[in-house]
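Asks: The structure file target-v2.tsv (TSV, C-alpha atoms and all ligand atoms) is provided below.
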```tsv
chain	number	residue	atom	x	y	z
A	1	MET	CA	35.38	52.20	58.96
A	2	ILE	CA	38.30	49.88	59.44
A	3	GLU	CA	40.47	51.75	56.86
A	4	GLN	CA	40.13	54.93	58.86
A	5	LYS	CA	41.01	53.14	62.09
A	6	PHE	CA	44.15	51.82	60.44
A	7	GLU	CA	45.11	55.36	59.40
A	8	GLU	CA	44.55	56.61	62.93
A	9	VAL	CA	46.71	53.89	64.50
A	10	PHE	CA	49.54	53.44	61.98
A	11	GLY	CA	49.17	56.31	59.49
A	12	GLY	CA	48.79	55.77	55.73
A	13	LYS	CA	46.25	53.70	53.85
A	14	PRO	CA	45.98	49.95	54.37
A	15	HIS	CA	47.00	47.65	51.49
A	16	PHE	CA	44.43	45.05	52.28
A	17	VAL	CA	41.10	44.65	54.10
A	18	ALA	CA	39.39	41.37	55.05
A	19	ARG	CA	36.43	40.35	57.15
A	20	ALA	CA	34.90	37.20	58.63
A	21	PRO	CA	31.43	36.77	60.15
A	22	GLY	CA	30.29	35.42	63.52
A	23	ARG	CA	27.75	32.64	63.47
A	24	VAL	CA	24.58	31.40	65.04
A	25	ASN	CA	23.77	27.71	65.05
A	26	LEU	CA	20.19	26.88	64.05
A	27	ILE	CA	20.45	23.30	65.29
A	28	GLY	CA	23.13	20.65	65.97
A	29	GLU	CA	24.65	21.54	69.33
A	30	HIS	CA	27.59	19.62	70.81
A	31	THR	CA	27.54	17.32	67.81
A	32	ASP	CA	30.57	18.65	65.90
A	33	TYR	CA	33.20	17.06	68.17
A	34	ASN	CA	31.25	13.82	67.96
A	35	ASP	CA	31.70	13.69	64.14
A	36	GLY	CA	28.02	14.60	63.74
A	37	PHE	CA	25.89	17.13	61.87
A	38	VAL	CA	25.35	20.87	62.35
A	39	LEU	CA	23.24	23.56	60.66
A	40	PRO	CA	24.79	26.97	61.42
A	41	VAL	CA	24.39	30.33	59.70
A	42	ALA	CA	27.07	33.00	59.17
A	43	ILE	CA	25.53	36.23	60.48
A	44	ASP	CA	25.81	39.84	59.37
A	45	ARG	CA	28.15	40.77	62.20
A	46	PHE	CA	31.83	40.75	61.38
A	47	VAL	CA	35.40	41.05	62.55
A	48	TRP	CA	37.28	43.32	60.12
A	49	PHE	CA	41.02	43.45	59.45
A	50	ALA	CA	43.00	46.17	57.68
A	51	GLY	CA	46.74	46.21	57.25
A	52	CYS	CA	49.94	46.84	55.35
A	53	ARG	CA	53.06	44.89	54.60
A	54	ARG	CA	56.15	46.06	56.42
A	55	GLU	CA	59.84	45.28	55.97
A	56	GLY	CA	61.19	42.37	57.98
A	57	ARG	CA	59.43	39.71	60.03
A	58	THR	CA	57.67	41.78	62.68
A	59	VAL	CA	53.90	41.87	63.04
A	60	ARG	CA	52.27	44.73	64.95
A	61	ALA	CA	48.63	43.98	65.68
A	62	TYR	CA	46.26	46.51	67.20
A	63	ALA	CA	42.91	45.40	68.71
A	64	LEU	CA	40.28	48.12	68.45
A	65	ASP	CA	38.16	46.49	71.17
A	66	PHE	CA	40.99	46.58	73.70
A	67	HIS	CA	42.82	49.73	72.52
A	68	ALA	CA	45.98	47.69	72.81
A	69	GLN	CA	48.83	46.54	70.61
A	70	SER	CA	50.77	43.30	70.59
A	71	GLU	CA	53.97	42.75	68.61
A	72	PHE	CA	55.58	39.49	67.56
A	73	SER	CA	58.13	38.05	65.18
A	74	LEU	CA	57.08	35.54	62.53
A	75	ASP	CA	60.40	33.78	63.24
A	76	GLN	CA	59.41	32.86	66.75
A	77	THR	CA	55.70	33.04	67.44
A	78	LEU	CA	55.16	32.69	71.17
A	79	ARG	CA	51.98	33.14	73.20
A	80	ASP	CA	51.22	36.57	74.66
A	81	GLU	CA	49.61	36.08	78.06
A	82	GLU	CA	49.12	39.80	78.62
A	83	HIS	CA	47.31	40.32	75.34
A	84	ALA	CA	45.51	36.99	75.13
A	85	TRP	CA	43.39	38.31	72.21
A	86	SER	CA	46.51	38.26	70.02
A	87	ASN	CA	46.98	34.50	70.39
A	88	TYR	CA	44.25	33.87	67.80
A	89	LEU	CA	46.25	35.80	65.18
A	90	ARG	CA	49.55	34.40	66.36
A	91	GLY	CA	48.27	30.83	66.06
A	92	VAL	CA	46.95	31.37	62.56
A	93	SER	CA	50.18	32.95	61.29
A	94	LYS	CA	52.34	30.34	62.99
A	95	PHE	CA	50.52	27.42	61.38
A	96	LEU	CA	50.37	29.07	57.95
A	97	GLU	CA	54.13	29.48	58.06
A	98	SER	CA	54.82	26.01	59.44
A	99	ASP	CA	52.65	24.60	56.64
A	100	GLY	CA	55.00	26.26	54.13
A	101	HIS	CA	53.20	29.52	53.33
A	102	PRO	CA	55.65	32.36	53.98
A	103	LEU	CA	54.08	35.57	55.30
A	104	PRO	CA	55.32	39.16	55.17
A	105	GLY	CA	55.76	41.37	58.22
A	106	ALA	CA	52.66	43.49	58.78
A	107	ASP	CA	50.95	46.31	60.62
A	108	LEU	CA	47.28	45.55	61.16
A	109	VAL	CA	44.22	46.65	63.06
A	110	PHE	CA	41.15	44.53	63.72
A	111	GLY	CA	37.76	44.81	65.38
A	112	GLY	CA	34.06	44.57	64.67
A	113	ASP	CA	30.57	44.03	65.99
A	114	VAL	CA	30.40	40.33	66.91
A	115	PRO	CA	29.64	40.43	70.67
A	116	ARG	CA	32.38	38.74	72.68
A	117	GLU	CA	31.69	35.77	75.00
A	118	ALA	CA	28.09	35.61	73.83
A	119	GLY	CA	28.23	32.28	72.00
A	120	LEU	CA	28.32	33.91	68.55
A	121	SER	CA	31.86	32.77	67.76
A	122	SER	CA	33.77	36.00	67.83
A	123	SER	CA	36.96	33.97	68.25
A	124	ALA	CA	36.32	31.94	65.12
A	125	ALA	CA	35.65	35.21	63.28
A	126	VAL	CA	39.03	36.54	64.47
A	127	GLU	CA	40.83	33.36	63.39
A	128	VAL	CA	39.12	33.08	60.02
A	129	GLY	CA	39.42	36.83	59.44
A	130	ALA	CA	43.14	36.58	60.21
A	131	ALA	CA	43.48	33.69	57.74
A	132	ALA	CA	41.66	35.74	55.06
A	133	PHE	CA	43.83	38.75	55.83
A	134	TRP	CA	47.10	36.83	55.60
A	135	GLN	CA	46.02	35.06	52.45
A	136	GLY	CA	45.32	38.43	50.78
A	137	LEU	CA	48.38	40.25	52.10
A	138	ALA	CA	50.75	37.40	51.17
A	139	GLY	CA	49.06	36.81	47.79
A	140	LEU	CA	48.30	33.16	48.61
A	141	ARG	CA	45.45	31.16	47.09
A	142	LEU	CA	44.48	28.45	49.53
A	143	ASP	CA	41.54	26.11	49.77
A	144	PRO	CA	38.83	27.60	52.07
A	145	VAL	CA	38.30	24.24	53.76
A	146	TYR	CA	42.02	24.07	54.53
A	147	LEU	CA	41.84	27.59	55.98
A	148	ALA	CA	38.85	26.70	58.16
A	149	LYS	CA	40.76	23.68	59.48
A	150	LEU	CA	43.84	25.80	60.07
A	151	ALA	CA	41.77	28.36	62.02
A	152	ARG	CA	40.40	25.58	64.23
A	153	ARG	CA	43.91	24.23	64.73
A	154	ALA	CA	45.00	27.67	65.96
A	155	GLU	CA	42.19	27.57	68.54
A	156	ASN	CA	42.86	23.96	69.61
A	157	GLU	CA	46.64	23.92	69.64
A	158	PHE	CA	47.73	27.53	70.14
A	159	VAL	CA	44.93	29.19	72.11
A	160	GLY	CA	44.22	25.89	73.87
A	161	VAL	CA	40.43	25.59	73.50
A	162	PRO	CA	39.30	22.10	72.39
A	163	CYS	CA	36.42	23.25	70.13
A	164	GLY	CA	35.00	21.40	67.13
A	165	ILE	CA	35.07	22.59	63.49
A	166	MET	CA	31.59	24.15	63.19
A	167	ASP	CA	32.36	27.80	63.97
A	168	GLN	CA	35.44	28.21	61.80
A	169	PHE	CA	33.84	26.27	58.96
A	170	VAL	CA	30.74	28.43	58.68
A	171	SER	CA	32.68	31.66	59.22
A	172	ALA	CA	34.80	30.64	56.23
A	173	LEU	CA	32.16	29.05	53.99
A	174	GLY	CA	28.76	30.48	54.92
A	175	ARG	CA	26.56	31.84	52.17
A	176	GLN	CA	24.20	34.81	52.05
A	177	ASP	CA	20.56	33.87	52.81
A	178	HIS	CA	21.53	30.22	53.42
A	179	ALA	CA	22.20	27.95	56.35
A	180	LEU	CA	25.05	25.45	56.01
A	181	PHE	CA	24.49	21.75	56.58
A	182	LEU	CA	27.83	20.22	57.53
A	183	ASP	CA	28.90	16.66	58.16
A	184	CYS	CA	31.68	17.19	60.69
A	185	ARG	CA	33.25	13.79	59.94
A	186	ASP	CA	34.10	14.20	56.25
A	187	LEU	CA	33.33	17.94	55.96
A	188	SER	CA	30.90	17.39	53.10
A	189	HIS	CA	28.38	20.22	53.15
A	190	ARG	CA	25.52	21.86	51.34
A	191	HIS	CA	23.97	25.31	51.54
A	192	VAL	CA	20.28	25.31	52.43
A	193	PRO	CA	18.23	28.38	51.39
A	194	LEU	CA	16.46	30.34	54.13
A	195	PRO	CA	13.07	31.64	53.01
A	196	ASP	CA	12.30	35.38	53.21
A	197	GLU	CA	9.19	34.82	55.31
A	198	VAL	CA	11.22	33.95	58.43
A	199	LYS	CA	13.71	35.90	60.47
A	200	ILE	CA	16.52	34.56	62.58
A	201	VAL	CA	16.33	36.44	65.84
A	202	VAL	CA	19.12	36.08	68.38
A	203	CYS	CA	18.49	37.01	72.03
A	204	ASN	CA	21.54	37.66	74.17
A	205	SER	CA	20.98	36.77	77.84
A	206	GLY	CA	23.85	39.10	78.78
A	207	VAL	CA	25.28	36.31	80.94
A	208	LYS	CA	28.91	35.61	80.06
A	209	ARG	CA	29.56	31.95	79.56
A	210	ALA	CA	31.44	31.49	82.82
A	211	LEU	CA	31.34	27.71	83.07
A	212	ALA	CA	31.48	27.17	79.37
A	213	GLN	CA	35.08	26.09	78.97
A	214	SER	CA	35.44	23.72	81.91
A	215	GLU	CA	32.02	22.14	81.42
A	216	TYR	CA	32.68	21.88	77.67
A	217	GLU	CA	35.76	19.81	78.40
A	218	VAL	CA	33.77	17.64	80.80
A	219	ARG	CA	31.15	16.96	78.08
A	220	LEU	CA	33.87	16.14	75.56
A	221	LYS	CA	35.36	13.56	77.91
A	222	GLN	CA	31.97	12.10	78.76
A	223	CYS	CA	31.25	11.53	75.06
A	224	ARG	CA	34.57	9.70	74.69
A	225	GLN	CA	33.83	7.60	77.76
A	226	ALA	CA	30.42	6.71	76.38
A	227	VAL	CA	32.04	5.51	73.14
A	228	ALA	CA	34.52	3.39	75.11
A	229	GLN	CA	31.78	1.87	77.27
A	230	LEU	CA	29.63	1.12	74.24
A	231	GLY	CA	32.68	-0.65	72.82
A	232	THR	CA	32.75	-3.01	75.79
A	233	ALA	CA	29.10	-3.79	75.03
A	234	GLY	CA	30.14	-5.00	71.58
A	235	LEU	CA	29.26	-1.85	69.65
A	236	ALA	CA	32.34	-1.11	67.55
A	237	VAL	CA	31.86	2.63	67.13
A	238	LYS	CA	34.44	5.37	66.54
A	239	SER	CA	32.28	8.17	67.83
A	240	LEU	CA	28.70	8.85	68.90
A	241	ARG	CA	27.97	9.69	65.27
A	242	ASP	CA	28.01	5.94	64.61
A	243	VAL	CA	25.33	5.20	67.18
A	244	ASP	CA	21.57	5.26	66.52
A	245	GLU	CA	18.68	5.27	68.95
A	246	GLU	CA	18.14	1.54	68.67
A	247	ASP	CA	21.80	0.78	69.46
A	248	LEU	CA	21.59	3.05	72.44
A	249	GLU	CA	18.48	1.41	73.80
A	250	MET	CA	20.05	-2.04	73.48
A	251	ALA	CA	23.30	-0.99	75.13
A	252	ALA	CA	21.74	1.36	77.68
A	253	SER	CA	22.56	-0.83	80.68
A	254	THR	CA	26.31	-0.62	79.94
A	255	LEU	CA	26.29	3.14	80.39
A	256	THR	CA	26.07	5.07	83.63
A	257	GLU	CA	22.98	7.26	83.90
A	258	VAL	CA	24.91	10.44	83.12
A	259	LEU	CA	26.70	8.97	80.11
A	260	LEU	CA	23.42	7.61	78.77
A	261	LYS	CA	21.90	11.09	78.94
A	262	ARG	CA	24.88	12.69	77.21
A	263	ALA	CA	24.90	10.05	74.48
A	264	ARG	CA	21.13	10.30	74.03
A	265	HIS	CA	21.40	14.03	73.40
A	266	VAL	CA	24.07	13.60	70.72
A	267	VAL	CA	22.32	10.69	69.01
A	268	THR	CA	18.90	12.35	68.92
A	269	GLU	CA	20.39	15.74	67.99
A	270	ASN	CA	22.06	14.28	64.90
A	271	ARG	CA	18.69	12.95	63.78
A	272	ARG	CA	17.10	16.35	64.41
A	273	VAL	CA	19.73	18.18	62.36
A	274	SER	CA	19.22	15.97	59.31
A	275	GLY	CA	15.46	16.34	59.75
A	276	ALA	CA	15.67	20.12	60.06
A	277	ALA	CA	17.83	20.50	56.94
A	278	GLN	CA	15.38	18.39	54.98
A	279	ALA	CA	12.36	20.23	56.36
A	280	LEU	CA	13.96	23.57	55.47
A	281	GLU	CA	14.56	22.35	51.93
A	282	GLU	CA	10.93	21.26	51.70
A	283	GLY	CA	9.68	24.58	53.07
A	284	ASP	CA	8.21	22.91	56.18
A	285	LEU	CA	9.12	25.68	58.62
A	286	GLU	CA	6.84	24.40	61.36
A	287	ARG	CA	8.79	21.16	61.43
A	288	VAL	CA	12.10	23.04	61.63
A	289	GLY	CA	10.71	24.96	64.62
A	290	GLU	CA	9.51	21.81	66.39
A	291	LEU	CA	12.94	20.24	66.02
A	292	MET	CA	14.56	23.38	67.44
A	293	ASN	CA	12.25	23.22	70.46
A	294	GLN	CA	13.10	19.55	70.99
A	295	SER	CA	16.79	20.37	70.69
A	296	HIS	CA	16.46	22.84	73.55
A	297	GLU	CA	14.76	20.27	75.78
A	298	SER	CA	17.48	17.78	75.07
A	299	LEU	CA	20.25	20.30	75.81
A	300	ARG	CA	18.50	21.30	79.02
A	301	ASP	CA	17.59	17.85	80.35
A	302	ASP	CA	20.06	15.38	78.82
A	303	TYR	CA	23.16	17.41	78.04
A	304	GLU	CA	22.58	19.83	80.93
A	305	VAL	CA	24.24	22.87	79.40
A	306	SER	CA	21.39	25.39	79.59
A	307	SER	CA	20.81	27.99	82.31
A	308	LEU	CA	17.88	29.69	84.06
A	309	GLU	CA	18.20	32.73	81.81
A	310	LEU	CA	18.38	30.71	78.59
A	311	ASP	CA	15.40	28.58	79.61
A	312	ALA	CA	13.42	31.74	80.41
A	313	LEU	CA	14.30	33.36	77.07
A	314	VAL	CA	13.17	30.20	75.28
A	315	GLU	CA	9.90	30.01	77.22
A	316	ILE	CA	9.11	33.67	76.62
A	317	ALA	CA	9.86	33.21	72.91
A	318	GLN	CA	7.77	30.08	72.55
A	319	ARG	CA	4.73	31.91	73.95
A	320	GLN	CA	4.84	34.57	71.22
A	321	PRO	CA	2.61	34.22	68.18
A	322	GLY	CA	4.76	33.84	65.10
A	323	THR	CA	7.56	31.95	66.86
A	324	LEU	CA	8.28	28.73	64.99
A	325	GLY	CA	11.08	27.49	67.24
A	326	ALA	CA	13.43	28.65	70.01
A	327	ARG	CA	16.50	27.15	71.62
A	328	MET	CA	19.78	27.97	73.29
A	329	THR	CA	22.65	28.18	70.82
A	330	GLY	CA	26.40	27.62	71.12
A	331	ALA	CA	28.18	25.89	73.97
A	332	GLY	CA	25.64	26.99	76.63
A	333	PHE	CA	25.88	28.22	80.27
A	334	GLY	CA	24.95	31.73	79.15
A	335	GLY	CA	25.21	33.48	75.83
A	336	CYS	CA	22.33	33.50	73.37
A	337	THR	CA	19.18	31.82	72.15
A	338	VAL	CA	18.28	31.45	68.48
A	339	ASN	CA	14.70	31.88	67.35
A	340	LEU	CA	12.97	31.26	64.06
A	341	VAL	CA	10.22	33.86	63.83
A	342	ARG	CA	7.72	34.74	61.11
A	343	GLU	CA	8.79	38.00	59.51
A	344	SER	CA	5.49	39.73	60.24
A	345	ALA	CA	5.90	38.97	63.98
A	346	ALA	CA	9.60	39.79	64.37
A	347	ASP	CA	9.25	43.35	65.68
A	348	SER	CA	6.65	42.54	68.35
A	349	PHE	CA	8.68	39.44	69.26
A	350	ALA	CA	11.70	41.60	70.00
A	351	GLU	CA	9.67	44.04	72.07
A	352	VAL	CA	7.98	41.39	74.23
A	353	VAL	CA	11.15	39.38	74.83
A	354	ARG	CA	12.98	42.53	75.90
A	355	ARG	CA	10.19	43.51	78.29
A	356	ASP	CA	9.55	40.08	79.84
A	357	TYR	CA	13.22	39.25	80.28
A	358	GLN	CA	13.85	42.60	81.95
A	359	GLN	CA	10.93	41.95	84.29
A	360	ALA	CA	12.15	38.48	85.20
A	361	PHE	CA	15.87	39.15	85.64
A	362	GLY	CA	16.19	42.90	86.05
A	363	ARG	CA	18.62	43.15	83.18
A	364	PRO	CA	18.10	43.86	79.48
A	365	ALA	CA	18.37	41.21	76.76
A	366	GLU	CA	19.95	42.43	73.55
A	367	ILE	CA	18.07	41.33	70.46
A	368	TYR	CA	19.72	40.95	67.05
A	369	LEU	CA	17.70	40.44	63.89
A	370	CYS	CA	20.22	38.51	61.81
A	371	ARG	CA	20.60	37.99	58.12
A	372	ALA	CA	22.61	35.06	56.81
A	373	SER	CA	25.72	36.41	55.14
A	374	ASN	CA	28.70	35.20	53.15
A	375	GLY	CA	31.67	33.62	54.89
A	376	ALA	CA	35.17	35.06	54.52
A	377	PHE	CA	35.96	32.86	51.52
A	378	ALA	CA	32.56	32.88	49.79
A	379	GLU	CA	32.82	32.73	46.01
B	401	LIG	C1	31.28	25.97	70.72
B	401	LIG	C2	32.38	25.26	69.94
B	401	LIG	C3	31.78	24.52	68.74
B	401	LIG	C4	30.63	23.61	69.17
B	401	LIG	C5	29.64	24.39	70.04
B	401	LIG	C6	28.56	23.50	70.62
B	401	LIG	O1	30.73	26.98	69.94
B	401	LIG	O2	33.33	26.19	69.48
B	401	LIG	O3	32.80	23.78	68.09
B	401	LIG	O4	31.09	22.47	69.81
B	401	LIG	O5	30.28	25.04	71.11
B	401	LIG	O6	27.75	23.01	69.62
```
Now that the file is in, can you turn its structure into structure tokens?
Replies:
Amino acid sequence: MIEQKFEEVFGGKPHFVARAPGRVNLIGEHTDYNDGFVLPVAIDRFVWFAGCRREGRTVRAYALDFHAQSEFSLDQTLRDEEHAWSNYLRGVSKFLESDGHPLPGADLVFGGDVPREAGLSSSAAVEVGAAAFWQGLAGLRLDPVYLAKLARRAENEFVGVPCGIMDQFVSALGRQDHALFLDCRDLSHRHVPLPDEVKIVVCNSGVKRALAQSEYEVRLKQCRQAVAQLGTAGLAVKSLRDVDEEDLEMAASTLTEVLLKRARHVVTENRRVSGAAQALEEGDLERVGELMNQSHESLRDDYEVSSLELDALVEIAQRQPGTLGARMTGAGFGGCTVNLVRESAADSFAEVVRRDYQQAFGRPAEIYLCRASNGAFAE
């Protein structure tokens, strides 16, 4: 219990407790920073915060995962290179204050059960959880979409990771038993119900996403280059979101082979996300699964962000009866796969994937049966 942890670290009862979930993305990978569509789910794994106001402008933050404390002043929020985990909280508080929302000094503890570096957005959960915590402790009432954007800004500008908006948005605005369809250009969104007869099963390859950040930046640049090259071919587009498959075919010769592959992934993935949201709404779960399988192929062959372990997990999953669809999820190069599995088959699915993965790689895969839960600012 987070309250008890607070008592152990700082003594006394906390004034305020907040939490934010991690996420798994059903479909729509590497589309958010191309102004495209995504269909993530907030999962029932959380980062919790508990804390108290304190006199003055000092914040003392204790990370349960690291058994370490970092202290900073709200008057001059600098980066802490020794305790890099604290930069997520520092960034959020800095931008809240610079946007004109004064915060009190605080003692706080945080921690939870979102696995780190597994592609389930533990950092977004820390940022959004920090935003929820500060909002409660300072008695602010801010728009959840603003808070999601602020959390992303902390990651982009303070932590220094050039991610898109998907993770923070769903951690803030997810809804129990629903996926969230989000247009990353104008942030319009709708919640799409998930039927009881399927389970979302996440398989963790146990491989930390070593290449993820550098290769992520390479992909981001390649997408921008593709847009620029398409511009020279007379296609006046702002981002790959504005391109369809016909455009791409016509302008294919203006792109290098690599850029064509990257663009083709983003363009086809956007179509798959819209199709999957619609199929889910119509109860056509087989179609959702097919689109997830196609998404994996596209990420593996065109976007080239999968790995041996992720491909194996997907293949093992797709062989199981009751699997509707399987794909890698998140940035790639390690981390997790997401699987849509019929409820009646979920237990045997978990058993077989564990066994076959262990046989192939000599290491266990952790399996999480996830339920879609509310975001930090759910009504
Ligand atoms: C990471 C980023 C997201 C998104 C995914 C890939 O999770 O944080 O913004 O780009 O990768 O879909």
Asks: List all protein, DNA and RNA residues that have at least one atom no more than 10 Å from any atom of ligand LIG 401 (chain B), counting only C-alpha atoms and all ligand atoms, and write them as a ChimeraX atom specification.
Replies: /A:23-25,27-34,37-38,40,118-124,152,155-156,161-169,184,212-213,216,219-220,305,329-332
Asks: Which residue out of A:Phe181, A:Phe95, A:Tyr62, A:Phe46 has the minimum interatomic distance to A:Asp75 when only C-alpha atoms are used?
Replies: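 When distances to A:Asp75 are compared using only C-alpha atoms, the smallest one comes from A:Phe95.
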Asks: So that each row is one residue of stretch 273-324 of chain A with an atom at most 12 Å from stretch 359-373 of chain A, can you give its shortest atom pair and the distance in Å to one decimal, using only C-alpha atoms, rows by chain and rising number, as a tab-separated table?
Replies:
```
residue	atom	partner	partner_atom	distance
A:Leu308	CA	A:Phe361	CA	9.8
A:Glu309	CA	A:Phe361	CA	7.8
A:Leu310	CA	A:Ala365	CA	10.7
A:Asp311	CA	A:Ala360	CA	11.8
A:Ala312	CA	A:Ala360	CA	8.4
A:Leu313	CA	A:Ala365	CA	8.8
A:Glu315	CA	A:Ala360	CA	11.9
A:Ile316	CA	A:Ala360	CA	10.3
A:Ala317	CA	A:Ile367	CA	11.8
```
Asks: Of the candidates A:Val145, A:Ala61, A:Ala125, A:Ala154, which one gets nearest to A:Val92 if we count all atoms listed in the file?
Replies: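 The closest residue to A:Val92 is A:Ala154.
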Asks: Name the closest residue to A:Trp48 among the candidates A:Ala376, A:Val341, A:Ala68, A:Leu235; distances are taken between atoms, counting only C-alpha atoms.
Replies: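 Answer, going by the shortest atom-to-atom distance: A:Ala376.
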Asks: Here is a test: counting all atoms listed in the file, which residue of A:His83, A:Arg141, A:Arg190, A:Arg224 is nearest to A:His101?
Replies: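 Selected residue with least distance to A:His101: A:Arg141.
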Asks: Neighbours of A:Leu248 within 9 Å (only C-alpha atoms; same-chain residues fewer than 2 positions away dropped), as number ranges by chain?
Replies: A: 230, 243-246, 250-252, 260, 263-264, 267
Asks: May I ask for the distance between atom CA of A:Asp347 and atom CA of A:Glu286, given in Å to one decimal place?
Replies: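 Those two atoms sit 19.6 Å apart.
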Asks: One number please: atom CA of A:Leu299 to atom CA of A:Ala279, in Å, one decimal.
Replies: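 Going from atom CA of A:Leu299 over to atom CA of A:Ala279 covers 21.0 Å.
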Asks: Could you name the residues that touch stretch 51-53 of chain A at 7 Å or less, counting all atoms listed in the file, but leaving out those on the same chain fewer than 2 positions away, as a PyMOL selection string?
Replies: chain A and resi 6+14-17+49+55+104-109
Asks: Mind pulling up the distance from atom CA of A:Ser214 to atom CA of A:Asp302?
Replies: 17.8 Å
Asks: Measuring between all atoms listed in the file, which one of A:Leu89, A:Asp35, A:Pro193, A:Val198 shows the shortest distance to A:Lys238?
Replies: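 Ranking A:Leu89, A:Asp35, A:Pro193, A:Val198 by distance to A:Lys238, first place goes to A:Asp35.
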Asks: Between A:Lys208, A:Arg60, A:Arg241, A:Arg116, which is the closest to A:Arg90 once you count only C-alpha atoms?
Replies: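 Closest candidate: A:Arg60.
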Asks: Excluding A:Val314 and any residue of its chain fewer than 2 positions from it, enumerate the residues within 12 Å of it, using all atoms listed in the file, and give them as a PyMOL selection string.
Replies: chain A and resi 201-205+292-297+300+306-312+316-320+323-329+336-340+349+353+356-357
Asks: Set the distance at 9 Å and use all atoms listed in the file: which residues neighbour A:Leu78 once local chain neighbours fewer than 2 positions away are removed? I'd like the list as a list in words.
Replies: Phe72, Ser73, Gln76, Asp80, Asn87, Arg90, Gly91 and Lys94 of chain A
Asks: Output: stretch 170-181 of chain A of the preceding structure, restricted to N, CA, C and O atoms, written as a short mmCIF file (atom, residue, chain, number, x, y, z; two decimals), in the first residue's frame.
Replies:
```
data_model
loop_
_atom_site.label_atom_id
_atom_site.label_comp_id
_atom_site.auth_asym_id
_atom_site.auth_seq_id
_atom_site.Cartn_x
_atom_site.Cartn_y
_atom_site.Cartn_z
N VAL A 170 -3.41 8.14 -23.27
CA VAL A 170 -4.26 7.03 -22.78
C VAL A 170 -4.07 6.82 -21.29
O VAL A 170 -5.01 6.43 -20.59
N SER A 171 -2.89 7.12 -20.76
CA SER A 171 -2.69 7.01 -19.31
C SER A 171 -3.58 8.04 -18.59
O SER A 171 -4.04 7.80 -17.47
N ALA A 172 -3.81 9.16 -19.24
CA ALA A 172 -4.68 10.19 -18.63
C ALA A 172 -6.16 9.91 -18.87
O ALA A 172 -6.99 10.10 -17.99
N LEU A 173 -6.50 9.46 -20.09
CA LEU A 173 -7.91 9.43 -20.48
C LEU A 173 -8.49 8.07 -20.82
O LEU A 173 -9.59 7.98 -21.37
N GLY A 174 -7.76 7.00 -20.51
CA GLY A 174 -8.29 5.66 -20.76
C GLY A 174 -9.59 5.43 -20.00
O GLY A 174 -9.91 6.17 -19.07
N ARG A 175 -10.29 4.40 -20.39
CA ARG A 175 -11.55 4.08 -19.70
C ARG A 175 -11.65 2.58 -19.47
O ARG A 175 -11.27 1.78 -20.33
N GLN A 176 -12.20 2.22 -18.31
CA GLN A 176 -12.34 0.81 -17.95
C GLN A 176 -13.09 0.04 -19.05
O GLN A 176 -14.11 0.49 -19.55
N ASP A 177 -12.57 -1.13 -19.40
CA ASP A 177 -13.18 -2.03 -20.39
C ASP A 177 -13.33 -1.42 -21.78
O ASP A 177 -14.18 -1.84 -22.57
N HIS A 178 -12.53 -0.41 -22.08
CA HIS A 178 -12.57 0.24 -23.40
C HIS A 178 -11.14 0.43 -23.94
O HIS A 178 -10.21 0.65 -23.16
N ALA A 179 -11.03 0.39 -25.25
CA ALA A 179 -9.83 0.90 -25.91
C ALA A 179 -10.10 2.36 -26.25
O ALA A 179 -11.24 2.84 -26.17
N LEU A 180 -9.05 3.09 -26.63
CA LEU A 180 -9.23 4.51 -26.93
C LEU A 180 -8.74 4.78 -28.36
O LEU A 180 -7.55 4.57 -28.65
N PHE A 181 -9.66 5.19 -29.20
CA PHE A 181 -9.27 5.55 -30.57
C PHE A 181 -8.91 7.02 -30.56
O PHE A 181 -9.73 7.86 -30.19
#
```
